[in-house]
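A.B. asks: Take this structure, written in structure tokens, and hold onto it; I'll ask about it next.
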Amino acid sequence: MPRRLILSGLSIASERLPERVRRAIARQEEDSEKLIGWVQLAIVLVFVILYTVSPKTFDQRATSFEPVPLALGGYALFTLMRLGLAYGKRLPGWFLYLSMVIDMALLMGLIWSFHIQYHQPASFYLKAPTLLYVFIFIALRALRFEPRFVLTAGLLAAVGWGGMMAYAMTIDPLDRMLTRNYVEYLTSNKILIGAEIDKMLTILLVTVILALALGRARHLLVTAVAEGAKARDLARFFAPEVASRITDAEQQILAGQGEARDAAILMVDLRGFTRLAAGMAPGAVIGLLAEYQTRVVPVIRRHGGVIDKFMGDGIMATFGALAPSATFAAEAIRAVEDLLAEAARWNAERQAAGAPPLVVNAGLASGRVVVGAVGDTDRLEYTVIGDAVNLAAKLEKHNKEEGSLAVVTAGMLELAVEQGHDAVGPFLPKPECMVAGVGTPLSLYVLMPATPSIAPSLIAPSVATLPLTGPLTGMDLPHPAGHPPGS
């Protein structure tokens with residue numbers, strides 16, 4: 001149920017905000033206080049420079065009282081203290097209200113002192129243009145995006161000026177300095193009550209208008225922060241490239257929209273994971289998957305791959321599908337080589353820790369695919385469809401028949417070489433292979449395991465005892481006893 005949240009003195013209809021969103025808003029407010037402090041300090045410095053270089057408007061020989069340096073010095077000290085506190089901790093609400101009282105008190109005190117400095121009646125200070133500085137202090141409060149502070153600053157300014165007018169009218173009971181003549185008001189120290197009320201009304205009206213604008217801005221800020229937090233949370237469930245494509249789309253993405261591209265498809269799987277997971281606790285299963293994916297996914301992304309989906313222990317990635325690439329096949333081949341090297345390092349760590357090794361298999365295919373959104377109006381999925389997707393899945397499963405770590409079509413490997421990959425590298429040719437689910441023989445290249453010690457029970461029995469070479473290094477590896485090369 002929506003409830004009414006009191007935000008900055010204004011009632012705004014909103015959903016209950018999660019705690020992390022409230023913390024994000026609080027961080028924005030803390031940053032605003034720091035910004036206000038720095039702006040205040042900059043204002044003090046500007047006023048100090050202006051006061052220093054500008055000609056003095058009073059006879060310095062006739063008076064030794066100069067309130068401006070005192071006011072600027074006091075305000076500078078208070079601003080430095082406030083800035084230090086803003087960086088040290090979150091400023092409490094009472095301190096923020098106190099700082100506004102001090103701001104206005106210093107300004108009103110400075111204006112009040114003018115009639116002493118210039119040896120004039122109290123009504124003299126009511127003509128001082130320095131009153132306009134109240135709008136600077138009111139505007140400063142707008143940097144926090146909280147209307148209550150703007151309203152407070154404006155109310156303090158209006159009340160302060162009303163007090164200044166009352167003082168000027170009552171300080172001399174014998175001469176209240178009042179007039180109803182506008183010309184006399186402008187050319188003397190006389191007080192025109194209507195003119196002073198106009199000043200207070202102007203302050204209050206500007207304050208209310210600014211507060212209303214800030215109320216709307218505040219609502220948008222809360223909404224933006226909440227939506228941004230939701231978007232970041234949801235983006236974790238999509239590849240960054242997919243999330244950017246969705247959020248940056250000029251028009252709403254609808255089901256059935258797509259585009260055709262030449263791309264490479266990579267399927268990665270943990271061989272024998274289902275059987276292994278059957279004997280593990282649920283938490284251990286998820287932990288193992290997270291460890292495996294943490295190893296594999298960065299390698300894929302480093303070579304330009306985009307994770308399309310996680311399917312249990314399976315991973316589907318695309319190269320050149322979301323964004324056109326002139327080297328998608330070469331990027332995919334390099335990703336597989338580095339991925340299997342990373343898997344070998346992971347297995348070494350697992351074996352050193354006493355854990356059983358795991359076999360990571362990969363299947364690669366390339367071709368024309370369609371990239372787009374599928375689903376209905378309420379639930380969409382951005383994915384890749386095409387023969388290459390189905391073939392890559394079948395080739396990944398074909399590793400079990402070949403006893404290999406990776407299988408790629410000959411056409412894709414040749415394309416990768418054309419795109420800059422170094423020859424066929426560690427891949428071995430397998431011409432005229434029958435692949436389950438494919439009606440015609442395929443010319444393939446396979447990447448064989450570098451050592452028979454990696455989960456031999458998970459590899460085809462006919463291959464687990466064969467002499468092997470080190471395809472990841474291009475060098476012959478030591479052969480098990482009783483199995484010389486070529487046996």
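Labels for the structure tokens follow display order: chains A, B, ..., residues from 1 in each chain, ligands from 1.
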Pick out each residue of region 125-364 of chain A that DSSP on the backbone tags as strand (DSSP E or B); I need them as a count of residues only.
C.D. replies: 34
A.B. asks: Going by DSSP on the backbone, which bits of region 137-352 of chain A are helix (DSSP H, G or I)? Write them as a PyMOL selection string, please.
C.D. replies: chain A and resi 137-142+147-170+182-187+193-235+240-247+273-277+282-302+328-352
A.B. asks: Which one of A:Leu220, A:Val101, A:Leu395, A:Leu70 sits closest to Phe145 (chain A) if you count only C-alpha atoms?
C.D. replies: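 Of A:Leu220, A:Val101, A:Leu395, A:Leu70, the one nearest Phe145 (chain A), counting only C-alpha atoms, is A:Leu220.
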A.B. asks: Measure the distance from CA of Glu146 (chain A) to CA of Leu107 (chain A) in Å and round it to one decimal.
C.D. replies: 22.5 Å
A.B. asks: I need the residue nearest Tyr445 (chain A) from this list: A:Gly160, A:Gly363, A:Pro69, A:Gly287. Use only C-alpha atoms for the distance.
C.D. replies: A:Gly363
A.B. asks: What's around Tyr133 (chain A) at 12 Å? Count only C-alpha atoms, leave out sequence neighbours fewer than 6 positions away in its own chain, and write the answer as JSON, numbers by chain.
C.D. replies: {"A": [43, 44, 47, 103, 104, 106, 107, 108, 110, 111, 139, 140, 154, 157, 203]}
A.B. asks: In Å, how far is it from CA of Lys127 (chain A) to CA of Thr207 (chain A)?
C.D. replies: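 Separating CA of Lys127 (chain A) from CA of Thr207 (chain A) is a distance of 21.5 Å.
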A.B. asks: Neighbours of Tyr125 (chain A) within 7 Å (only C-alpha atoms; same-chain residues fewer than 3 positions away dropped), as a list in words?
C.D. replies: Ile111, Trp112, Phe114, His115, Ala122 and Ala128 of chain A
A.B. asks: With N, CA, C and O atoms retained, write the just-selected residues as a PDB file, in the first residue's frame.
C.D. replies:
ATOM      1  N   ILE A 111      23.855  44.498   8.840  1.00  0.00           N
ATOM      2  CA  ILE A 111      23.024  45.592   8.320  1.00  0.00           C
ATOM      3  C   ILE A 111      22.674  46.577   9.441  1.00  0.00           C
ATOM      4  O   ILE A 111      22.724  47.800   9.259  1.00  0.00           O
ATOM      5  N   TRP A 112      22.336  46.057  10.616  1.00  0.00           N
ATOM      6  CA  TRP A 112      21.964  46.907  11.755  1.00  0.00           C
ATOM      7  C   TRP A 112      23.110  47.851  12.146  1.00  0.00           C
ATOM      8  O   TRP A 112      22.894  48.993  12.517  1.00  0.00           O
ATOM      9  N   PHE A 114      25.218  49.353  10.373  1.00  0.00           N
ATOM     10  CA  PHE A 114      25.541  50.425   9.434  1.00  0.00           C
ATOM     11  C   PHE A 114      25.193  51.811   9.979  1.00  0.00           C
ATOM     12  O   PHE A 114      25.900  52.779   9.732  1.00  0.00           O
ATOM     13  N   HIS A 115      24.085  51.928  10.729  1.00  0.00           N
ATOM     14  CA  HIS A 115      23.709  53.258  11.209  1.00  0.00           C
ATOM     15  C   HIS A 115      24.681  53.762  12.271  1.00  0.00           C
ATOM     16  O   HIS A 115      24.849  54.958  12.464  1.00  0.00           O
ATOM     17  N   ALA A 122      18.634  54.981  13.110  1.00  0.00           N
ATOM     18  CA  ALA A 122      18.474  53.543  12.859  1.00  0.00           C
ATOM     19  C   ALA A 122      17.779  53.263  11.532  1.00  0.00           C
ATOM     20  O   ALA A 122      18.058  52.243  10.873  1.00  0.00           O
ATOM     21  N   ALA A 128      19.734  49.885   3.126  1.00  0.00           N
ATOM     22  CA  ALA A 128      20.958  49.188   2.697  1.00  0.00           C
ATOM     23  C   ALA A 128      20.629  48.088   1.673  1.00  0.00           C
ATOM     24  O   ALA A 128      19.785  47.224   1.910  1.00  0.00           O
TER      25      ALA A 128
END
A.B. asks: Select, from A:Leu151, A:Val206, A:Leu289, A:Ala26, the residue with the minimum atom-to-atom distance to Pro92 (chain A), counting only C-alpha atoms.
C.D. replies: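 That would be A:Ala26, the residue with the smallest distance to Pro92 (chain A).
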A.B. asks: I need the residue nearest Val285 (chain A) from this list: A:Pro356, A:Pro129, A:Pro121, A:Gly312. Use only C-alpha atoms for the distance.
C.D. replies: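 Smallest separation from Val285 (chain A) among the options: A:Gly312.
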